[in-house]
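Pasted below: work-v3.cif, mmCIF, C-alpha atoms and all ligand atoms; chains and numbers go by the auth columns.
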data_my_file
loop_
_atom_site.group_PDB
_atom_site.id
_atom_site.type_symbol
_atom_site.label_atom_id
_atom_site.label_comp_id
_atom_site.label_asym_id
_atom_site.label_seq_id
_atom_site.Cartn_x
_atom_site.Cartn_y
_atom_site.Cartn_z
_atom_site.B_iso_or_equiv
_atom_site.auth_seq_id
_atom_site.auth_asym_id
ATOM 1 C CA MET A 1 161.471 1.002 -33.588 0.00 1 A
ATOM 2 C CA SER A 2 161.155 3.010 -36.777 0.00 2 A
ATOM 3 C CA ARG A 3 163.663 5.792 -37.286 0.00 3 A
ATOM 4 C CA ILE A 4 162.077 9.114 -38.180 0.00 4 A
ATOM 5 C CA ALA A 5 164.216 11.870 -39.680 0.00 5 A
ATOM 6 C CA VAL A 6 163.063 15.439 -40.178 0.00 6 A
ATOM 7 C CA VAL A 7 164.209 17.425 -43.216 0.00 7 A
ATOM 8 C CA PRO A 8 163.465 21.021 -42.219 0.00 8 A
ATOM 9 C CA GLY A 9 163.791 24.239 -44.171 0.00 9 A
ATOM 10 C CA SER A 10 162.134 27.324 -45.539 0.00 10 A
ATOM 11 C CA PHE A 11 161.627 25.644 -48.938 0.00 11 A
ATOM 12 C CA ASP A 12 160.656 29.024 -50.397 0.00 12 A
ATOM 13 C CA PRO A 13 160.386 27.401 -52.908 0.00 13 A
ATOM 14 C CA ILE A 14 161.693 23.811 -52.929 0.00 14 A
ATOM 15 C CA THR A 15 164.591 23.337 -55.382 0.00 15 A
ATOM 16 C CA LEU A 16 166.030 20.274 -57.133 0.00 16 A
ATOM 17 C CA GLY A 17 168.815 20.341 -54.530 0.00 17 A
ATOM 18 C CA HIS A 18 166.280 19.989 -51.704 0.00 18 A
ATOM 19 C CA LEU A 19 164.499 17.191 -53.553 0.00 19 A
ATOM 20 C CA ASP A 20 167.784 15.356 -54.028 0.00 20 A
ATOM 21 C CA VAL A 21 168.487 15.460 -50.278 0.00 21 A
ATOM 22 C CA ILE A 22 164.925 14.346 -49.446 0.00 22 A
ATOM 23 C CA GLU A 23 165.277 11.351 -51.769 0.00 23 A
ATOM 24 C CA ARG A 24 168.662 10.354 -50.322 0.00 24 A
ATOM 25 C CA ALA A 25 167.292 10.666 -46.774 0.00 25 A
ATOM 26 C CA ALA A 26 164.273 8.514 -47.677 0.00 26 A
ATOM 27 C CA ASN A 27 166.635 5.775 -48.822 0.00 27 A
ATOM 28 C CA ILE A 28 168.237 5.657 -45.364 0.00 28 A
ATOM 29 C CA PHE A 29 165.535 6.345 -42.776 0.00 29 A
ATOM 30 C CA ASP A 30 162.231 4.528 -42.186 0.00 30 A
ATOM 31 C CA GLU A 31 160.178 7.705 -42.250 0.00 31 A
ATOM 32 C CA ILE A 32 160.942 11.222 -43.493 0.00 32 A
ATOM 33 C CA HIS A 33 159.053 14.302 -42.385 0.00 33 A
ATOM 34 C CA VAL A 34 159.720 17.282 -44.628 0.00 34 A
ATOM 35 C CA VAL A 35 158.876 20.212 -42.378 0.00 35 A
ATOM 36 C CA VAL A 36 158.359 23.704 -43.742 0.00 36 A
ATOM 37 C CA VAL A 37 159.392 26.146 -41.047 0.00 37 A
ATOM 38 C CA HIS A 38 159.351 29.907 -40.873 0.00 38 A
ATOM 39 C CA ASN A 39 162.894 31.255 -40.778 0.00 39 A
ATOM 40 C CA PRO A 40 162.760 34.384 -38.598 0.00 40 A
ATOM 41 C CA GLY A 41 165.770 35.756 -40.485 0.00 41 A
ATOM 42 C CA LYS A 42 164.080 35.730 -43.912 0.00 42 A
ATOM 43 C CA THR A 43 161.156 37.476 -45.600 0.00 43 A
ATOM 44 C CA ALA A 44 159.028 34.781 -47.226 0.00 44 A
ATOM 45 C CA MET A 45 157.818 34.813 -50.832 0.00 45 A
ATOM 46 C CA LEU A 46 155.186 32.066 -50.438 0.00 46 A
ATOM 47 C CA PRO A 47 152.850 31.195 -47.554 0.00 47 A
ATOM 48 C CA ILE A 48 153.794 27.979 -45.703 0.00 48 A
ATOM 49 C CA ALA A 49 150.698 26.101 -46.985 0.00 49 A
ATOM 50 C CA GLN A 50 151.687 26.868 -50.591 0.00 50 A
ATOM 51 C CA ARG A 51 155.241 25.670 -49.997 0.00 51 A
ATOM 52 C CA VAL A 52 153.902 22.425 -48.463 0.00 52 A
ATOM 53 C CA SER A 53 151.630 21.881 -51.463 0.00 53 A
ATOM 54 C CA LEU A 54 154.476 22.386 -53.965 0.00 54 A
ATOM 55 C CA ILE A 55 156.697 19.907 -52.086 0.00 55 A
ATOM 56 C CA GLU A 56 153.858 17.352 -52.049 0.00 56 A
ATOM 57 C CA GLN A 57 153.449 17.748 -55.821 0.00 57 A
ATOM 58 C CA ALA A 58 157.202 17.444 -56.405 0.00 58 A
ATOM 59 C CA VAL A 59 157.432 14.271 -54.264 0.00 59 A
ATOM 60 C CA ALA A 60 154.455 12.735 -56.097 0.00 60 A
ATOM 61 C CA ASP A 61 155.747 13.681 -59.569 0.00 61 A
ATOM 62 C CA ARG A 62 159.106 12.060 -58.834 0.00 62 A
ATOM 63 C CA ALA A 63 157.353 8.959 -57.410 0.00 63 A
ATOM 64 C CA LEU A 64 159.466 9.195 -54.242 0.00 64 A
ATOM 65 C CA PRO A 65 158.832 6.675 -51.414 0.00 65 A
ATOM 66 C CA SER A 66 155.483 6.827 -49.589 0.00 66 A
ATOM 67 C CA THR A 67 157.445 7.061 -46.328 0.00 67 A
ATOM 68 C CA ILE A 68 157.818 10.802 -47.008 0.00 68 A
ATOM 69 C CA ARG A 69 155.283 13.121 -45.435 0.00 69 A
ATOM 70 C CA VAL A 70 155.191 16.883 -45.763 0.00 70 A
ATOM 71 C CA THR A 71 153.929 19.354 -43.199 0.00 71 A
ATOM 72 C CA GLY A 72 154.264 22.927 -41.936 0.00 72 A
ATOM 73 C CA TRP A 73 155.365 23.971 -38.436 0.00 73 A
ATOM 74 C CA SER A 74 154.917 27.500 -37.197 0.00 74 A
ATOM 75 C CA VAL A 75 154.099 27.203 -33.500 0.00 75 A
ATOM 76 C CA GLY A 76 157.530 27.058 -31.886 0.00 76 A
ATOM 77 C CA LEU A 77 160.927 25.509 -32.052 0.00 77 A
ATOM 78 C CA LEU A 78 161.749 22.954 -34.711 0.00 78 A
ATOM 79 C CA VAL A 79 162.872 20.529 -31.997 0.00 79 A
ATOM 80 C CA ASP A 80 159.385 20.753 -30.443 0.00 80 A
ATOM 81 C CA TYR A 81 158.088 19.185 -33.656 0.00 81 A
ATOM 82 C CA CYS A 82 160.779 16.486 -33.432 0.00 82 A
ATOM 83 C CA THR A 83 159.808 15.681 -29.839 0.00 83 A
ATOM 84 C CA GLU A 84 156.107 15.591 -30.738 0.00 84 A
ATOM 85 C CA VAL A 85 156.563 13.014 -33.512 0.00 85 A
ATOM 86 C CA GLY A 86 159.488 11.102 -31.919 0.00 86 A
ATOM 87 C CA ALA A 87 162.108 12.095 -34.505 0.00 87 A
ATOM 88 C CA GLN A 88 165.704 11.632 -33.334 0.00 88 A
ATOM 89 C CA VAL A 89 167.456 13.167 -36.325 0.00 89 A
ATOM 90 C CA LEU A 90 167.453 16.354 -38.374 0.00 90 A
ATOM 91 C CA ILE A 91 168.862 16.213 -41.903 0.00 91 A
ATOM 92 C CA LYS A 92 170.452 19.268 -43.489 0.00 92 A
ATOM 93 C CA GLY A 93 171.770 19.398 -47.018 0.00 93 A
ATOM 94 C CA VAL A 94 175.169 21.123 -47.202 0.00 94 A
ATOM 95 C CA ARG A 95 176.478 22.373 -50.539 0.00 95 A
ATOM 96 C CA SER A 96 179.710 23.912 -49.269 0.00 96 A
ATOM 97 C CA GLN A 97 181.772 24.945 -46.256 0.00 97 A
ATOM 98 C CA VAL A 98 179.606 28.063 -46.102 0.00 98 A
ATOM 99 C CA ASP A 99 176.547 25.894 -45.455 0.00 99 A
ATOM 100 C CA VAL A 100 178.441 23.871 -42.853 0.00 100 A
ATOM 101 C CA ALA A 101 179.412 27.081 -41.037 0.00 101 A
ATOM 102 C CA TYR A 102 175.787 28.310 -41.144 0.00 102 A
ATOM 103 C CA GLU A 103 174.317 24.999 -39.995 0.00 103 A
ATOM 104 C CA THR A 104 176.788 24.043 -37.255 0.00 104 A
ATOM 105 C CA PRO A 105 175.598 26.454 -34.523 0.00 105 A
ATOM 106 C CA MET A 106 171.976 25.441 -35.173 0.00 106 A
ATOM 107 C CA ALA A 107 172.919 21.779 -34.965 0.00 107 A
ATOM 108 C CA ILE A 108 174.630 22.274 -31.599 0.00 108 A
ATOM 109 C CA VAL A 109 171.745 24.359 -30.229 0.00 109 A
ATOM 110 C CA ASN A 110 169.162 21.814 -31.384 0.00 110 A
ATOM 111 C CA ARG A 111 171.145 19.034 -29.710 0.00 111 A
ATOM 112 C CA ASN A 112 171.396 21.050 -26.484 0.00 112 A
ATOM 113 C CA LEU A 113 167.693 21.951 -26.568 0.00 113 A
ATOM 114 C CA ALA A 114 166.291 18.485 -27.070 0.00 114 A
ATOM 115 C CA GLY A 115 169.002 15.902 -27.766 0.00 115 A
ATOM 116 C CA VAL A 116 168.141 15.899 -31.469 0.00 116 A
ATOM 117 C CA GLU A 117 171.165 15.076 -33.625 0.00 117 A
ATOM 118 C CA THR A 118 171.829 16.675 -37.028 0.00 118 A
ATOM 119 C CA VAL A 119 173.123 14.720 -40.013 0.00 119 A
ATOM 120 C CA PHE A 120 174.721 16.708 -42.821 0.00 120 A
ATOM 121 C CA MET A 121 174.021 15.294 -46.251 0.00 121 A
ATOM 122 C CA LEU A 122 175.774 16.123 -49.522 0.00 122 A
ATOM 123 C CA PRO A 123 173.491 16.804 -52.468 0.00 123 A
ATOM 124 C CA ASP A 124 174.534 15.937 -56.005 0.00 124 A
ATOM 125 C CA PRO A 125 177.192 18.566 -56.939 0.00 125 A
ATOM 126 C CA ALA A 126 175.059 19.295 -60.006 0.00 126 A
ATOM 127 C CA HIS A 127 172.845 21.281 -57.602 0.00 127 A
ATOM 128 C CA ALA A 128 175.681 22.972 -55.694 0.00 128 A
ATOM 129 C CA HIS A 129 174.891 26.420 -57.088 0.00 129 A
ATOM 130 C CA VAL A 130 171.122 26.220 -56.634 0.00 130 A
ATOM 131 C CA SER A 131 169.393 28.097 -53.813 0.00 131 A
ATOM 132 C CA SER A 132 165.835 29.203 -53.127 0.00 132 A
ATOM 133 C CA SER A 133 166.976 32.824 -52.840 0.00 133 A
ATOM 134 C CA LEU A 134 168.521 32.696 -56.325 0.00 134 A
ATOM 135 C CA VAL A 135 165.368 31.075 -57.696 0.00 135 A
ATOM 136 C CA ARG A 136 163.228 33.815 -56.097 0.00 136 A
ATOM 137 C CA GLN A 137 165.430 36.514 -57.586 0.00 137 A
ATOM 138 C CA VAL A 138 165.547 35.046 -61.103 0.00 138 A
ATOM 139 C CA ALA A 139 161.791 34.354 -61.093 0.00 139 A
ATOM 140 C CA SER A 140 160.941 37.852 -59.848 0.00 140 A
ATOM 141 C CA LEU A 141 162.970 39.381 -62.673 0.00 141 A
ATOM 142 C CA GLY A 142 161.314 37.244 -65.339 0.00 142 A
ATOM 143 C CA GLY A 143 164.045 34.614 -65.858 0.00 143 A
ATOM 144 C CA ASP A 144 163.605 30.884 -66.467 0.00 144 A
ATOM 145 C CA VAL A 145 163.983 28.835 -63.283 0.00 145 A
ATOM 146 C CA ALA A 146 162.921 25.486 -64.794 0.00 146 A
ATOM 147 C CA PRO A 147 166.477 24.005 -64.624 0.00 147 A
ATOM 148 C CA TYR A 148 166.600 24.535 -60.856 0.00 148 A
ATOM 149 C CA VAL A 149 163.194 23.577 -59.501 0.00 149 A
ATOM 150 C CA PRO A 150 160.690 20.707 -59.726 0.00 150 A
ATOM 151 C CA ARG A 151 158.162 20.995 -62.572 0.00 151 A
ATOM 152 C CA ALA A 152 155.316 21.921 -60.207 0.00 152 A
ATOM 153 C CA VAL A 153 157.289 24.903 -58.900 0.00 153 A
ATOM 154 C CA ALA A 154 158.293 26.117 -62.378 0.00 154 A
ATOM 155 C CA GLU A 155 154.652 25.951 -63.493 0.00 155 A
ATOM 156 C CA PHE A 156 153.401 27.666 -60.350 0.00 156 A
ATOM 157 C CA LEU A 157 155.889 30.539 -60.689 0.00 157 A
ATOM 158 C CA GLU A 158 155.080 30.883 -64.391 0.00 158 A
ATOM 159 C CA GLN A 159 151.349 31.054 -63.655 0.00 159 A
ATOM 160 C CA SER A 160 151.894 33.543 -60.821 0.00 160 A
ATOM 161 C CA ARG A 161 153.750 35.793 -63.260 0.00 161 A
ATOM 162 C CA GLU A 162 151.005 35.576 -65.878 0.00 162 A
ATOM 163 C CA GLY A 163 148.213 36.037 -63.319 0.00 163 A
HETATM 164 O O1 LIG B . 166.002 26.686 -45.321 0.00 1 B
HETATM 165 P P1 LIG B . 166.526 27.514 -44.170 0.00 1 B
HETATM 166 O O2 LIG B . 165.900 28.889 -44.175 0.00 1 B
HETATM 167 O O3 LIG B . 168.012 27.573 -44.145 0.00 1 B
HETATM 168 O O4 LIG B . 166.036 26.755 -42.851 0.00 1 B
HETATM 169 C C1 LIG B . 166.355 27.279 -41.565 0.00 1 B
HETATM 170 C C2 LIG B . 165.371 26.730 -40.544 0.00 1 B
HETATM 171 C C3 LIG B . 163.950 27.093 -40.946 0.00 1 B
HETATM 172 C C4 LIG B . 165.494 25.210 -40.487 0.00 1 B
HETATM 173 C C5 LIG B . 165.719 27.362 -39.175 0.00 1 B
HETATM 174 O O5 LIG B . 165.580 28.743 -39.275 0.00 1 B
HETATM 175 C C6 LIG B . 164.844 26.843 -38.032 0.00 1 B
HETATM 176 O O6 LIG B . 165.083 25.766 -37.537 0.00 1 B
HETATM 177 N N1 LIG B . 163.789 27.624 -37.664 0.00 1 B
HETATM 178 C C7 LIG B . 162.819 27.217 -36.663 0.00 1 B
HETATM 179 C C8 LIG B . 162.998 27.980 -35.354 0.00 1 B
HETATM 180 C C9 LIG B . 163.968 27.258 -34.451 0.00 1 B
HETATM 181 O O7 LIG B . 163.756 26.132 -34.029 0.00 1 B
HETATM 182 N N2 LIG B . 165.081 27.940 -34.180 0.00 1 B
HETATM 183 C C10 LIG B . 166.176 27.388 -33.439 0.00 1 B
HETATM 184 C C11 LIG B . 167.091 26.617 -34.357 0.00 1 B
HETATM 185 S S1 LIG B . 168.692 26.650 -33.735 0.00 1 B
#
Target format structure tokens, applied to this file:
Amino acid sequence: MSRIAVVPGSFDPITLGHLDVIERAANIFDEIHVVVVHNPGKTAMLPIAQRVSLIEQAVADRALPSTIRVTGWSVGLLVDYCTEVGAQVLIKGVRSQVDVAYETPMAIVNRNLAGVETVFMLPDPAHAHVSSSLVRQVASLGGDVAPYVPRAVAEFLEQSREG
């Protein structure tokens, strides 16, 4: 039986830290579903379809394994997606104890809701300071975000600013 793992997140936009976790996950599991989900606690910068497209471009540019698929999910609980596709595991990248504290209640609730386990994965410490919210802030104020995001995202944000 092939093991499917879901890497969920807002990905608003995807960062190099996210990409690092996706690549590590793809080296362990048979199939990876990167799922762009609306976070009810956040105001989004980009529509879900745009975020999906940027992740697809980043995965292709990096020539990551073809076992990675990218999709959006906006019709219910994240674990409903997991049940629908037969995924047993969620993967969350954790940069620090702050992330662990934020993720732990969700991991327990997701396990209680549907028996889906969460695996915490450590990104390369080089990305420890990178977050989508910081990228959004720097980009909105005209700063260079190229060191923190895949090329496709840097180009998209640059074009959005010019247009
Ligand atoms: O990248 P983020 O914003 O930290 O990701 C959080 C996300 C989107 C994974 C989380 O908000 C989520 O799972 N939302 C979907 C709704 C849901 O299933 N809520 C219950 C989770 S305990």
Inset, instruction - Collect all residues with atoms no farther than 6 Å from ligand LIG 1 (chain B), counting only C-alpha atoms and all ligand atoms, and output them as a PyMOL selection string. - result: chain A and resi 8-11+37-39+77-78+106+109-110
Legend entry - Interatomic distance, atom CA of His33 of chain A to atom CA of Leu64 of chain A (Å, one decimal): 12.9 Å
Inset, instruction - Just give me the gap between atom CA of Thr15 of chain A and atom CA of Ser53 of chain A in Å, one decimal is fine. - result: 13.6 Å
Inset, instruction - Within 10 Å of His18 of chain A, counting all atoms listed in the file, which residues show up once you throw out same-chain ones fewer than 2 positions away? Write them as JSON, numbers by chain, please. - result: {"A": [7, 8, 9, 11, 13, 14, 15, 16, 20, 21, 22, 23, 55, 92, 93, 123, 127, 130, 131, 132, 149, 150]}
Legend entry - Exercise: Val70 of chain A partners within 8 Å, all atoms listed in the file, chain neighbours under 6 positions left out, as a list in words: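 Once the adjacent positions are removed, what remains is His33, Val34, Val35, Val36, Val52, Ile55 and Glu56 of chain A.
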Inset, instruction - Taking the file above as input, evaluate the PyMOL selection byres (((chain A and resi 88) around 7) and not hetatm) and report the hits as a PyMOL selection string. - result: chain A and resi 4-5+82+86-87+89+116-117
Pull out every residue that the PyMOL selection byres (((chain A and resi 62) around 10) and not hetatm) matches in the shown coordinates and put them as a compact mmCIF listing (two decimals) with C-alpha atoms, in the frame of the given file.
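Printed below is expr-v1.txt as written:
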# COMPACT_ATOMS: atom_id res chain seq x y z
CA LEU A 19 164.50 17.19 -53.55
CA GLU A 23 165.28 11.35 -51.77
CA GLN A 57 153.45 17.75 -55.82
CA ALA A 58 157.20 17.44 -56.40
CA VAL A 59 157.43 14.27 -54.26
CA ALA A 60 154.46 12.74 -56.10
CA ASP A 61 155.75 13.68 -59.57
CA ALA A 63 157.35 8.96 -57.41
CA LEU A 64 159.47 9.20 -54.24
CA PRO A 65 158.83 6.68 -51.41
CA PRO A 150 160.69 20.71 -59.73
CA ARG A 151 158.16 21.00 -62.57
Inset, instruction - Determine the nearest neighbour of Ile28 of chain A from the options A:Val119, A:Asp99, A:Gln137, A:Tyr81, counting all atoms listed in the file. - result: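 Of all the options, A:Val119 lies closest to Ile28 of chain A.
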Inset, instruction - Quote the spacing between atom CA of Ser2 of chain A and atom CA of Ile32 of chain A in Å to one decimal place. - result: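 Value for the atom CA of Ser2 of chain A-atom CA of Ile32 of chain A distance: 10.6 Å.
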Legend entry - Among listed residues A:Thr83, A:Ser96, A:Ser160, A:Ser66, nearest Asp124 of chain A (using only C-alpha atoms): A:Ser96
